[in-house]
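Chemist: Sending over my_file-v2.pdb (PDB, C-alpha atoms).
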ATOM      1  CA  MET A   1      84.696  94.140 114.828
ATOM      2  CA  ILE A   2      84.260  92.521 111.422
ATOM      3  CA  ARG A   3      86.436  90.175 109.439
ATOM      4  CA  LEU A   4      86.712  90.451 105.704
ATOM      5  CA  THR A   5      89.038  89.519 102.857
ATOM      6  CA  VAL A   6      90.691  92.300 100.898
ATOM      7  CA  ASN A   7      92.733  91.305  97.847
ATOM      8  CA  GLY A   8      93.058  87.818  99.233
ATOM      9  CA  GLU A   9      94.227  88.927 102.686
ATOM     10  CA  THR A  10      92.125  88.490 105.803
ATOM     11  CA  MET A  11      91.600  91.710 107.745
ATOM     12  CA  GLN A  12      89.939  92.598 111.004
ATOM     13  CA  LEU A  13      88.454  96.035 111.145
ATOM     14  CA  TYR A  14      86.974  98.203 113.845
ATOM     15  CA  SER A  15      84.485 100.930 113.136
ATOM     16  CA  THR A  16      84.374 100.423 109.384
ATOM     17  CA  ASP A  17      80.854 100.753 108.235
ATOM     18  CA  ASN A  18      80.950 101.438 104.523
ATOM     19  CA  LEU A  19      83.220 100.893 101.532
ATOM     20  CA  LYS A  20      84.383 104.502 101.402
ATOM     21  CA  GLN A  21      85.643 104.266 104.987
ATOM     22  CA  LEU A  22      87.370 100.976 104.219
ATOM     23  CA  LEU A  23      89.214 102.503 101.265
ATOM     24  CA  GLU A  24      90.219 105.541 103.303
ATOM     25  CA  SER A  25      91.558 103.342 106.080
ATOM     26  CA  LEU A  26      93.702 101.606 103.446
ATOM     27  CA  HIS A  27      94.942 105.003 102.141
ATOM     28  CA  LEU A  28      93.181 104.352  98.847
ATOM     29  CA  GLY A  29      90.524 107.017  99.186
ATOM     30  CA  GLN A  30      91.856 109.356  96.514
ATOM     31  CA  LYS A  31      93.446 106.780  94.221
ATOM     32  CA  ARG A  32      92.384 105.677  90.753
ATOM     33  CA  ILE A  33      91.009 102.258  91.608
ATOM     34  CA  ALA A  34      88.088  99.990  90.866
ATOM     35  CA  VAL A  35      86.395  97.917  93.531
ATOM     36  CA  GLU A  36      84.418  94.695  93.641
ATOM     37  CA  VAL A  37      82.569  93.439  96.708
ATOM     38  CA  ASN A  38      81.657  89.774  96.497
ATOM     39  CA  ARG A  39      82.380  89.864  92.755
ATOM     40  CA  GLU A  40      80.060  92.765  92.098
ATOM     41  CA  ILE A  41      81.586  96.013  90.865
ATOM     42  CA  ILE A  42      80.689  98.912  93.121
ATOM     43  CA  PRO A  43      80.746 102.191  91.196
ATOM     44  CA  GLN A  44      82.555 105.004  92.945
ATOM     45  CA  SER A  45      79.299 106.893  93.417
ATOM     46  CA  LEU A  46      78.027 104.049  95.608
ATOM     47  CA  HIS A  47      81.112 103.592  97.810
ATOM     48  CA  GLN A  48      79.643 105.573 100.659
ATOM     49  CA  SER A  49      76.284 103.845 100.606
ATOM     50  CA  THR A  50      77.738 100.334 100.306
ATOM     51  CA  ARG A  51      77.762  98.645 103.705
ATOM     52  CA  ILE A  52      80.694  96.391 104.557
ATOM     53  CA  ARG A  53      79.642  93.162 106.235
ATOM     54  CA  GLU A  54      81.299  90.264 107.998
ATOM     55  CA  GLY A  55      82.840  87.855 105.502
ATOM     56  CA  ASP A  56      82.774  90.223 102.520
ATOM     57  CA  LYS A  57      85.355  89.590  99.833
ATOM     58  CA  VAL A  58      86.709  92.847  98.485
ATOM     59  CA  GLU A  59      88.921  93.200  95.416
ATOM     60  CA  ILE A  60      90.629  96.519  94.741
ATOM     61  CA  VAL A  61      92.499  96.950  91.463
ATOM     62  CA  ARG A  62      94.588  99.650  89.844
ATOM     63  CA  ALA A  63      96.333 100.153  86.531
ATOM     64  CA  ILE A  64      99.870  98.869  86.112
ATOM     65  CA  GLY A  65     102.228  98.571  83.159
ATOM     66  CA  GLY A  66     101.224  95.987  80.602
ATOM     67  CA  GLY A  67     101.111  95.224  76.919
TER      68      GLY A  67
ATOM     69  CA  MET B   1     115.401 118.928  52.125
ATOM     70  CA  THR B   2     111.813 119.020  50.905
ATOM     71  CA  PRO B   3     109.387 118.699  53.769
ATOM     72  CA  ASP B   4     107.449 115.433  54.091
ATOM     73  CA  ILE B   5     104.300 114.983  52.042
ATOM     74  CA  ILE B   6     101.382 115.418  54.419
ATOM     75  CA  LEU B   7      99.035 112.463  54.196
ATOM     76  CA  ASN B   8      95.372 112.582  54.978
ATOM     77  CA  ASP B   9      95.369 109.073  56.335
ATOM     78  CA  PRO B  10      93.491 108.864  59.620
ATOM     79  CA  PHE B  11      93.472 105.634  61.591
ATOM     80  CA  ILE B  12      89.927 104.956  62.765
ATOM     81  CA  VAL B  13      88.987 102.443  65.448
ATOM     82  CA  ALA B  14      85.443 102.301  66.820
ATOM     83  CA  ASP B  15      84.649 105.787  65.503
ATOM     84  CA  ARG B  16      87.688 107.289  67.188
ATOM     85  CA  THR B  17      90.223 108.905  64.889
ATOM     86  CA  PHE B  18      93.953 108.684  65.468
ATOM     87  CA  THR B  19      97.045 109.895  63.663
ATOM     88  CA  SER B  20      99.575 107.377  64.967
ATOM     89  CA  ARG B  21      99.346 103.767  63.874
ATOM     90  CA  LEU B  22     101.766 102.624  66.541
ATOM     91  CA  MET B  23     100.137 101.342  69.708
ATOM     92  CA  ILE B  24     102.365 100.733  72.648
ATOM     93  CA  GLY B  25     102.364  98.901  75.962
ATOM     94  CA  THR B  26     103.501 100.209  79.332
ATOM     95  CA  GLY B  27     104.964  97.005  80.779
ATOM     96  CA  LYS B  28     108.571  96.048  81.561
ATOM     97  CA  TYR B  29     110.131  99.517  81.673
ATOM     98  CA  LYS B  30     112.808 100.343  84.238
ATOM     99  CA  ASP B  31     110.635 102.912  85.980
ATOM    100  CA  MET B  32     107.741 105.302  85.490
ATOM    101  CA  GLU B  33     109.953 108.006  84.007
ATOM    102  CA  GLU B  34     111.298 105.682  81.325
ATOM    103  CA  THR B  35     107.732 104.559  80.627
ATOM    104  CA  ARG B  36     106.600 108.153  80.220
ATOM    105  CA  LEU B  37     109.514 109.126  77.965
ATOM    106  CA  ALA B  38     109.261 106.055  75.752
ATOM    107  CA  ILE B  39     105.506 106.405  75.279
ATOM    108  CA  GLU B  40     105.807 110.107  74.533
ATOM    109  CA  THR B  41     108.649 109.571  72.061
ATOM    110  CA  SER B  42     106.792 106.769  70.273
ATOM    111  CA  GLY B  43     104.056 109.206  69.297
ATOM    112  CA  ALA B  44     101.502 106.524  70.202
ATOM    113  CA  GLU B  45      98.015 107.709  71.021
ATOM    114  CA  ILE B  46      96.623 104.326  72.069
ATOM    115  CA  VAL B  47      98.443 102.958  75.093
ATOM    116  CA  THR B  48      97.832  99.621  76.769
ATOM    117  CA  LEU B  49      97.965  98.827  80.450
ATOM    118  CA  ALA B  50      96.999  95.991  82.770
ATOM    119  CA  LEU B  51      94.909  95.743  85.936
ATOM    120  CA  ARG B  52      96.196  94.204  89.129
ATOM    121  CA  ARG B  53      95.354  94.208  92.812
ATOM    122  CA  THR B  54      96.497  97.278  94.712
ATOM    123  CA  ASN B  55      99.008  96.923  97.477
ATOM    124  CA  ILE B  56      97.234  96.897 100.799
ATOM    125  CA  GLY B  57      99.008  99.186 103.198
ATOM    126  CA  GLN B  58     102.610  98.293 102.277
ATOM    127  CA  ASN B  59     103.245 101.241 100.005
ATOM    128  CA  PRO B  60     100.507 103.862 100.049
ATOM    129  CA  ASN B  61     102.566 106.422  98.106
ATOM    130  CA  GLU B  62     103.422 104.154  95.205
ATOM    131  CA  PRO B  63     103.233 106.118  91.923
ATOM    132  CA  ASN B  64     100.140 105.460  89.868
ATOM    133  CA  LEU B  65     100.547 104.659  86.195
ATOM    134  CA  LEU B  66      97.475 106.712  85.318
ATOM    135  CA  ASP B  67      99.182 109.809  86.732
ATOM    136  CA  VAL B  68     101.993 109.296  84.202
ATOM    137  CA  ILE B  69      99.922 107.977  81.282
ATOM    138  CA  SER B  70      96.941 110.198  81.725
ATOM    139  CA  PRO B  71      93.583 109.219  80.227
ATOM    140  CA  GLU B  72      93.156 112.887  79.297
ATOM    141  CA  LYS B  73      96.189 112.695  77.038
ATOM    142  CA  TYR B  74      96.110 109.109  75.763
ATOM    143  CA  CYS B  75      93.438 106.680  74.645
ATOM    144  CA  ILE B  76      93.884 104.016  77.298
ATOM    145  CA  LEU B  77      93.537 100.431  76.162
ATOM    146  CA  PRO B  78      93.227  98.166  79.195
ATOM    147  CA  ASN B  79      94.203  94.565  78.513
ATOM    148  CA  THR B  80      93.169  91.243  79.997
ATOM    149  CA  ALA B  81      96.675  89.807  80.189
ATOM    150  CA  PHE B  82      97.003  86.618  82.196
ATOM    151  CA  CYS B  83      93.338  85.825  81.915
ATOM    152  CA  TYR B  84      92.986  82.181  80.950
ATOM    153  CA  THR B  85      89.188  82.007  80.832
ATOM    154  CA  ALA B  86      86.465  84.085  79.220
ATOM    155  CA  GLU B  87      84.992  84.731  82.664
ATOM    156  CA  GLU B  88      88.236  86.245  84.031
ATOM    157  CA  ALA B  89      88.642  88.372  80.930
ATOM    158  CA  VAL B  90      85.104  89.744  81.091
ATOM    159  CA  ARG B  91      85.486  90.497  84.789
ATOM    160  CA  THR B  92      88.745  92.347  84.109
ATOM    161  CA  CYS B  93      87.182  94.418  81.323
ATOM    162  CA  ARG B  94      84.307  95.443  83.559
ATOM    163  CA  LEU B  95      86.723  96.491  86.297
ATOM    164  CA  ALA B  96      88.699  98.458  83.721
ATOM    165  CA  ARG B  97      85.553 100.256  82.599
ATOM    166  CA  GLU B  98      84.843 101.230  86.196
ATOM    167  CA  LEU B  99      88.463 102.287  86.756
ATOM    168  CA  LEU B 100      88.444 104.464  83.644
ATOM    169  CA  GLY B 101      85.098 106.111  84.270
ATOM    170  CA  GLY B 102      83.054 104.248  81.665
ATOM    171  CA  HIS B 103      85.704 104.039  78.922
ATOM    172  CA  ASN B 104      84.630 101.032  76.871
ATOM    173  CA  LEU B 105      87.562 100.300  74.535
ATOM    174  CA  VAL B 106      89.404  97.152  75.633
ATOM    175  CA  LYS B 107      92.087  94.811  74.420
ATOM    176  CA  LEU B 108      90.753  91.310  74.868
ATOM    177  CA  GLU B 109      93.366  88.609  75.219
ATOM    178  CA  VAL B 110      92.596  85.209  76.652
ATOM    179  CA  LEU B 111      95.698  83.123  76.930
ATOM    180  CA  GLY B 112      96.141  79.401  76.528
ATOM    181  CA  ASP B 113      99.280  78.487  78.419
ATOM    182  CA  GLU B 114     102.130  80.174  80.213
ATOM    183  CA  LYS B 115     104.914  78.896  78.024
ATOM    184  CA  THR B 116     103.663  80.196  74.686
ATOM    185  CA  LEU B 117     101.110  82.801  75.856
ATOM    186  CA  TYR B 118      99.309  81.708  72.740
ATOM    187  CA  PRO B 119      95.690  82.874  72.549
ATOM    188  CA  ASN B 120      92.977  80.491  73.686
ATOM    189  CA  VAL B 121      90.702  81.071  70.743
ATOM    190  CA  THR B 122      87.598  79.308  72.045
ATOM    191  CA  GLU B 123      87.610  81.309  75.270
ATOM    192  CA  THR B 124      88.411  84.463  73.286
ATOM    193  CA  LEU B 125      85.298  83.944  71.144
ATOM    194  CA  LYS B 126      83.150  83.425  74.248
ATOM    195  CA  ALA B 127      84.501  86.508  75.966
ATOM    196  CA  ALA B 128      84.154  88.657  72.833
ATOM    197  CA  GLU B 129      80.482  87.801  72.571
ATOM    198  CA  VAL B 130      79.734  88.691  76.190
ATOM    199  CA  LEU B 131      81.740  91.924  75.999
ATOM    200  CA  ILE B 132      80.164  93.085  72.746
ATOM    201  CA  ASN B 133      76.695  92.431  74.165
ATOM    202  CA  ASP B 134      77.703  94.433  77.217
ATOM    203  CA  GLY B 135      78.581  97.473  75.083
ATOM    204  CA  PHE B 136      82.352  97.152  74.917
ATOM    205  CA  ASN B 137      84.422  98.039  71.874
ATOM    206  CA  VAL B 138      86.648  95.018  71.628
ATOM    207  CA  MET B 139      90.094  95.022  70.046
ATOM    208  CA  VAL B 140      90.907  91.366  70.078
ATOM    209  CA  TYR B 141      94.256  89.600  70.286
ATOM    210  CA  THR B 142      94.126  86.312  68.427
ATOM    211  CA  SER B 143      96.073  83.775  66.433
ATOM    212  CA  ASP B 144      96.932  84.430  62.790
ATOM    213  CA  ASP B 145      94.157  82.085  61.656
ATOM    214  CA  PRO B 146      92.226  83.859  58.866
ATOM    215  CA  LEU B 147      88.945  82.054  59.636
ATOM    216  CA  ILE B 148      88.995  82.994  63.306
ATOM    217  CA  ALA B 149      89.979  86.557  62.451
ATOM    218  CA  LYS B 150      86.973  86.836  60.144
ATOM    219  CA  ARG B 151      84.673  85.307  62.719
ATOM    220  CA  LEU B 152      85.796  87.805  65.362
ATOM    221  CA  GLU B 153      85.171  90.624  62.899
ATOM    222  CA  ASP B 154      81.706  89.278  62.045
ATOM    223  CA  MET B 155      80.859  89.114  65.749
ATOM    224  CA  GLY B 156      81.475  92.838  66.001
ATOM    225  CA  CYS B 157      85.043  93.246  67.254
ATOM    226  CA  VAL B 158      86.244  96.741  66.310
ATOM    227  CA  ALA B 159      89.770  95.583  65.484
ATOM    228  CA  VAL B 160      91.341  92.166  65.029
ATOM    229  CA  MET B 161      94.899  91.795  66.274
ATOM    230  CA  PRO B 162      96.691  88.660  65.120
ATOM    231  CA  LEU B 163     100.062  87.869  66.645
ATOM    232  CA  GLY B 164     103.184  88.142  64.520
ATOM    233  CA  ALA B 165     104.906  85.697  66.886
ATOM    234  CA  PRO B 166     104.457  84.822  70.578
ATOM    235  CA  ILE B 167     104.171  87.696  73.063
ATOM    236  CA  GLY B 168     107.565  89.008  74.110
ATOM    237  CA  SER B 169     109.445  86.724  71.710
ATOM    238  CA  GLY B 170     110.709  89.388  69.325
ATOM    239  CA  LEU B 171     110.676  86.814  66.530
ATOM    240  CA  GLY B 172     108.994  89.133  64.029
ATOM    241  CA  ILE B 173     106.187  88.357  61.619
ATOM    242  CA  SER B 174     106.542  84.605  61.416
ATOM    243  CA  ASN B 175     103.779  84.058  58.870
ATOM    244  CA  PRO B 176     103.296  87.113  56.651
ATOM    245  CA  HIS B 177     101.199  85.017  54.267
ATOM    246  CA  ASN B 178      98.558  84.445  56.938
ATOM    247  CA  ILE B 179      98.544  88.128  57.816
ATOM    248  CA  LYS B 180      97.923  88.830  54.119
ATOM    249  CA  LEU B 181      95.051  86.339  54.028
ATOM    250  CA  ILE B 182      93.505  88.020  57.066
ATOM    251  CA  LEU B 183      93.916  91.436  55.415
ATOM    252  CA  GLU B 184      92.270  90.320  52.175
ATOM    253  CA  ASN B 185      88.931  89.674  53.870
ATOM    254  CA  ALA B 186      88.963  92.332  56.556
ATOM    255  CA  GLN B 187      86.648  95.315  56.874
ATOM    256  CA  VAL B 188      87.942  96.307  60.319
ATOM    257  CA  PRO B 189      91.482  97.389  61.181
ATOM    258  CA  ILE B 190      93.946  94.501  61.365
ATOM    259  CA  ILE B 191      96.720  95.213  63.823
ATOM    260  CA  VAL B 192      99.764  93.035  64.367
ATOM    261  CA  ASP B 193      99.967  92.572  68.107
ATOM    262  CA  ALA B 194     102.908  90.750  69.637
ATOM    263  CA  GLY B 195     106.063  89.346  68.138
ATOM    264  CA  VAL B 196     107.647  92.495  66.751
ATOM    265  CA  GLY B 197     111.324  92.686  67.675
ATOM    266  CA  THR B 198     112.851  95.260  65.371
ATOM    267  CA  PRO B 199     111.787  98.366  63.462
ATOM    268  CA  SER B 200     111.934  96.356  60.226
ATOM    269  CA  ASP B 201     109.380  93.898  61.676
ATOM    270  CA  ALA B 202     107.018  96.809  62.284
ATOM    271  CA  THR B 203     107.654  98.155  58.803
ATOM    272  CA  LEU B 204     106.930  94.756  57.277
ATOM    273  CA  ALA B 205     103.591  94.550  59.104
ATOM    274  CA  MET B 206     102.643  97.965  57.768
ATOM    275  CA  GLU B 207     103.872  97.190  54.240
ATOM    276  CA  LEU B 208     101.585  94.164  54.227
ATOM    277  CA  GLY B 209      98.694  96.563  54.735
ATOM    278  CA  CYS B 210      98.048  96.278  58.449
ATOM    279  CA  ALA B 211      96.257  99.259  59.937
ATOM    280  CA  GLY B 212      98.695  99.424  62.820
ATOM    281  CA  VAL B 213     101.140  97.645  65.079
ATOM    282  CA  LEU B 214     100.935  97.068  68.811
ATOM    283  CA  MET B 215     104.114  96.341  70.727
ATOM    284  CA  ASN B 216     105.663  96.486  74.158
ATOM    285  CA  SER B 217     108.776  94.358  74.698
ATOM    286  CA  ALA B 218     110.449  95.490  71.469
ATOM    287  CA  VAL B 219     110.662  98.963  72.989
ATOM    288  CA  ALA B 220     110.845  98.222  76.711
ATOM    289  CA  HIS B 221     113.536  95.568  76.362
ATOM    290  CA  ALA B 222     115.680  97.438  73.858
ATOM    291  CA  GLN B 223     119.078  98.526  75.190
ATOM    292  CA  GLN B 224     117.818 102.111  74.849
ATOM    293  CA  PRO B 225     114.040 102.020  75.060
ATOM    294  CA  VAL B 226     113.452 105.695  74.312
ATOM    295  CA  LEU B 227     115.585 105.602  71.172
ATOM    296  CA  MET B 228     113.816 102.416  70.084
ATOM    297  CA  ALA B 229     110.472 104.120  70.656
ATOM    298  CA  GLN B 230     111.548 106.795  68.192
ATOM    299  CA  ALA B 231     112.769 104.170  65.711
ATOM    300  CA  MET B 232     109.457 102.337  65.943
ATOM    301  CA  ARG B 233     107.507 105.530  65.322
ATOM    302  CA  LYS B 234     109.486 106.062  62.112
ATOM    303  CA  ALA B 235     109.288 102.382  61.148
ATOM    304  CA  VAL B 236     105.502 102.331  61.355
ATOM    305  CA  GLU B 237     105.206 105.587  59.392
ATOM    306  CA  CYS B 238     107.714 104.297  56.864
ATOM    307  CA  GLY B 239     105.847 101.028  56.339
ATOM    308  CA  ARG B 240     102.540 102.818  56.004
ATOM    309  CA  GLU B 241     103.911 105.235  53.407
ATOM    310  CA  GLY B 242     105.479 102.342  51.523
ATOM    311  CA  TYR B 243     102.158 100.512  51.527
ATOM    312  CA  LEU B 244     100.253 103.579  50.313
ATOM    313  CA  ALA B 245     102.894 104.318  47.673
ATOM    314  CA  GLY B 246     102.490 100.792  46.286
ATOM    315  CA  ARG B 247     105.501  98.620  45.695
ATOM    316  CA  MET B 248     106.984  97.909  42.260
ATOM    317  CA  PRO B 249     106.082  94.581  40.681
ATOM    318  CA  ARG B 250     108.411  91.672  41.390
ATOM    319  CA  LYS B 251     110.265  90.272  38.359
ATOM    320  CA  ALA B 252     112.275  87.117  37.907
ATOM    321  CA  TYR B 253     115.066  88.846  35.954
ATOM    322  CA  ALA B 254     116.939  92.122  35.957
ATOM    323  CA  SER B 255     115.544  95.264  34.397
ATOM    324  CA  ALA B 256     118.135  98.008  33.829
ATOM    325  CA  SER B 257     117.524 101.375  35.411
ATOM    326  CA  SER B 258     119.704 103.227  32.871
ATOM    327  CA  PRO B 259     118.706 103.374  29.189
ATOM    328  CA  ILE B 260     120.644 101.165  26.773
ATOM    329  CA  GLU B 261     120.410 103.681  23.867
ATOM    330  CA  GLY B 262     123.412 105.925  23.315
ATOM    331  CA  THR B 263     125.931 103.774  25.112
ATOM    332  CA  ILE B 264     129.459 104.457  23.772
ATOM    333  CA  SER B 265     131.323 101.848  21.756
TER     334      SER B 265
END
Can you turn what I pasted into structure tokens?
Modeler:
Amino acid sequence: MIRLTVNGETMQLYSTDNLKQLLESLHLGQKRIAVEVNREIIPQSLHQSTRIREGDKVEIVRAIGGG
Amino acid sequence: MTPDIILNDPFIVADRTFTSRLMIGTGKYKDMEETRLAIETSGAEIVTLALRRTNIGQNPNEPNLLDVISPEKYCILPNTAFCYTAEEAVRTCRLARELLGGHNLVKLEVLGDEKTLYPNVTETLKAAEVLINDGFNVMVYTSDDPLIAKRLEDMGCVAVMPLGAPIGSGLGISNPHNIKLILENAQVPIIVDAGVGTPSDATLAMELGCAGVLMNSAVAHAQQPVLMAQAMRKAVECGREGYLAGRMPRKAYASASSPIEGTIS
């Protein structure tokens, strides 16, 4: 089990190994999003190869209405 | 009625060519459908949006703005609203570029305080420099200070966007003289961003010679947003045509429109 912070919330996860799996477990696998891990943007092409580690801080953003 | 004169008057920003000079935001609408209808009716081709954290788990089927305002159909202009430092703004722009598959046109706005949402010009300058060096095309929201506007242009911003009045205030173009001063020295498009409340405000901005107008609340907070979107489309076209047509000179006294010769006595 690992603990990490996603969008400011602490989460405990079992059997999550990479970023792609994390996003799928959050039902965000197919969504138009952008992701940072520890303040570094992870391009979509690297989601699968990006390991998720204890203490990681993940930010996931989407587009919303704005001026 | 004679059909409209067709103008060959493209609006060019960062080598992209547009027909509409009205740019519109996607915030504050009642729902996604109203957003879609208003944007479509406005005729805008450049559409702004913001970036925020996704919901985690609570609402996985929440509609996505990019499904309604598709990047295939519109030129998306992500903003940096509610960034108060250059660092936050740069980070947001980089996330936007990732979100939009490498799209590098951004609306930079670094705000000073919550009450006025007035631009923090020093942080804006810092952020613009970093973003330009990182390959972004920066359309920059700023104050109506002609010196700062020129400096942002000289740095390489692709459009300079002075406020007409504070964001969301609907107060109109509070200092048209400053907008004129900015226009006199500008080689890049000058776009009034923020402050427009009515169609006549938008027309005034265009009559002054602005390349375009960017608005959100004036449409979204109208009693009938979709109808206002249509009015704003016409207002911007109207102001542009008036500017291109060239106004008559101002005179201190009357000048009769009918000839004086041949009047009966």
Chemist: Within 8 Å of stretch 53-58 of chain A, counting all atoms listed in the file, which residues show up once you throw out same-chain ones fewer than 3 positions away? Write them as number ranges by chain, please.
Modeler: A: 2-8, 17, 35-39
Chemist: Residues of chain A within 12 Å of chain B, counting only C-alpha atoms - could you list those as a PDB file with C-alpha atoms, keeping the file's coordinate frame?
Modeler:
ATOM      1  CA  THR A   5      89.038  89.519 102.857  1.00  0.00           C
ATOM      2  CA  VAL A   6      90.691  92.300 100.898  1.00  0.00           C
ATOM      3  CA  ASN A   7      92.733  91.305  97.847  1.00  0.00           C
ATOM      4  CA  GLY A   8      93.058  87.818  99.233  1.00  0.00           C
ATOM      5  CA  GLU A   9      94.227  88.927 102.686  1.00  0.00           C
ATOM      6  CA  THR A  10      92.125  88.490 105.803  1.00  0.00           C
ATOM      7  CA  MET A  11      91.600  91.710 107.745  1.00  0.00           C
ATOM      8  CA  LEU A  22      87.370 100.976 104.219  1.00  0.00           C
ATOM      9  CA  LEU A  23      89.214 102.503 101.265  1.00  0.00           C
ATOM     10  CA  GLU A  24      90.219 105.541 103.303  1.00  0.00           C
ATOM     11  CA  SER A  25      91.558 103.342 106.080  1.00  0.00           C
ATOM     12  CA  LEU A  26      93.702 101.606 103.446  1.00  0.00           C
ATOM     13  CA  HIS A  27      94.942 105.003 102.141  1.00  0.00           C
ATOM     14  CA  LEU A  28      93.181 104.352  98.847  1.00  0.00           C
ATOM     15  CA  GLY A  29      90.524 107.017  99.186  1.00  0.00           C
ATOM     16  CA  GLN A  30      91.856 109.356  96.514  1.00  0.00           C
ATOM     17  CA  LYS A  31      93.446 106.780  94.221  1.00  0.00           C
ATOM     18  CA  ARG A  32      92.384 105.677  90.753  1.00  0.00           C
ATOM     19  CA  ILE A  33      91.009 102.258  91.608  1.00  0.00           C
ATOM     20  CA  ALA A  34      88.088  99.990  90.866  1.00  0.00           C
ATOM     21  CA  VAL A  35      86.395  97.917  93.531  1.00  0.00           C
ATOM     22  CA  GLU A  36      84.418  94.695  93.641  1.00  0.00           C
ATOM     23  CA  VAL A  37      82.569  93.439  96.708  1.00  0.00           C
ATOM     24  CA  ARG A  39      82.380  89.864  92.755  1.00  0.00           C
ATOM     25  CA  GLU A  40      80.060  92.765  92.098  1.00  0.00           C
ATOM     26  CA  ILE A  41      81.586  96.013  90.865  1.00  0.00           C
ATOM     27  CA  ILE A  42      80.689  98.912  93.121  1.00  0.00           C
ATOM     28  CA  PRO A  43      80.746 102.191  91.196  1.00  0.00           C
ATOM     29  CA  GLN A  44      82.555 105.004  92.945  1.00  0.00           C
ATOM     30  CA  SER A  45      79.299 106.893  93.417  1.00  0.00           C
ATOM     31  CA  LEU A  46      78.027 104.049  95.608  1.00  0.00           C
ATOM     32  CA  VAL A  58      86.709  92.847  98.485  1.00  0.00           C
ATOM     33  CA  GLU A  59      88.921  93.200  95.416  1.00  0.00           C
ATOM     34  CA  ILE A  60      90.629  96.519  94.741  1.00  0.00           C
ATOM     35  CA  VAL A  61      92.499  96.950  91.463  1.00  0.00           C
ATOM     36  CA  ARG A  62      94.588  99.650  89.844  1.00  0.00           C
ATOM     37  CA  ALA A  63      96.333 100.153  86.531  1.00  0.00           C
ATOM     38  CA  ILE A  64      99.870  98.869  86.112  1.00  0.00           C
ATOM     39  CA  GLY A  65     102.228  98.571  83.159  1.00  0.00           C
ATOM     40  CA  GLY A  66     101.224  95.987  80.602  1.00  0.00           C
ATOM     41  CA  GLY A  67     101.111  95.224  76.919  1.00  0.00           C
TER      42      GLY A  67
END
Chemist: Using the chain letters and numbering of this document, enumerate as a list in words the residues selected by the PyMOL selection byres ((chain B and resi 163-166) around 9).
Modeler: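 Answer for the PyMOL selection byres ((chain B and resi 163-166) around 9): Thr116, Leu117, Tyr118, Pro119, Tyr141, Thr142, Ser143, Asp144, Met161, Pro162, Ile167, Gly168, Ser169, Gly170, Leu171, Gly172, Ile173, Ser174, Asn175, Pro176, Ile179, Ile191, Val192, Asp193, Ala194, Gly195, Val196, Asp201 and Ala205 of chain B.
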Chemist: Within 7 Å of B:Thr124, counting all atoms listed in the file, which residues show up once you throw out same-chain ones fewer than 2 positions away? Write them as a list in words, please.
Modeler: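 Near B:Thr124, the qualifying residues are Ala86, Glu109, Val110, Asn120, Val121, Thr122, Lys126, Ala127 and Ala128 of chain B.
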Chemist: Could you tell me how far atom CA of B:Asn137 sits from atom CA of B:Glu123, in Å to one decimal place?
Modeler: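 About the pair atom CA of B:Glu123 and atom CA of B:Asn137: they are 17.4 Å apart.
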Chemist: Compile the contact shell of A:Ile52 as an mmCIF file with C-alpha atoms, in the coordinates of the input: residues with an atom at most 8 Å away, counting all atoms listed in the file, same-chain residues fewer than 6 positions apart removed.
Modeler:
data_model
loop_
_atom_site.group_PDB
_atom_site.id
_atom_site.type_symbol
_atom_site.label_atom_id
_atom_site.label_comp_id
_atom_site.auth_asym_id
_atom_site.auth_seq_id
_atom_site.Cartn_x
_atom_site.Cartn_y
_atom_site.Cartn_z
ATOM 1 C CA THR A 16 84.374 100.423 109.384
ATOM 2 C CA ASP A 17 80.854 100.753 108.235
ATOM 3 C CA ASN A 18 80.950 101.438 104.523
ATOM 4 C CA LEU A 19 83.220 100.893 101.532
#
Chemist: Could you jot down the atom CA of B:Gly209 to atom CA of B:Leu22 separation for me, Å, one decimal place?
Modeler: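 If I compute the distance from atom CA of B:Gly209 to atom CA of B:Leu22, I get 13.6 Å.
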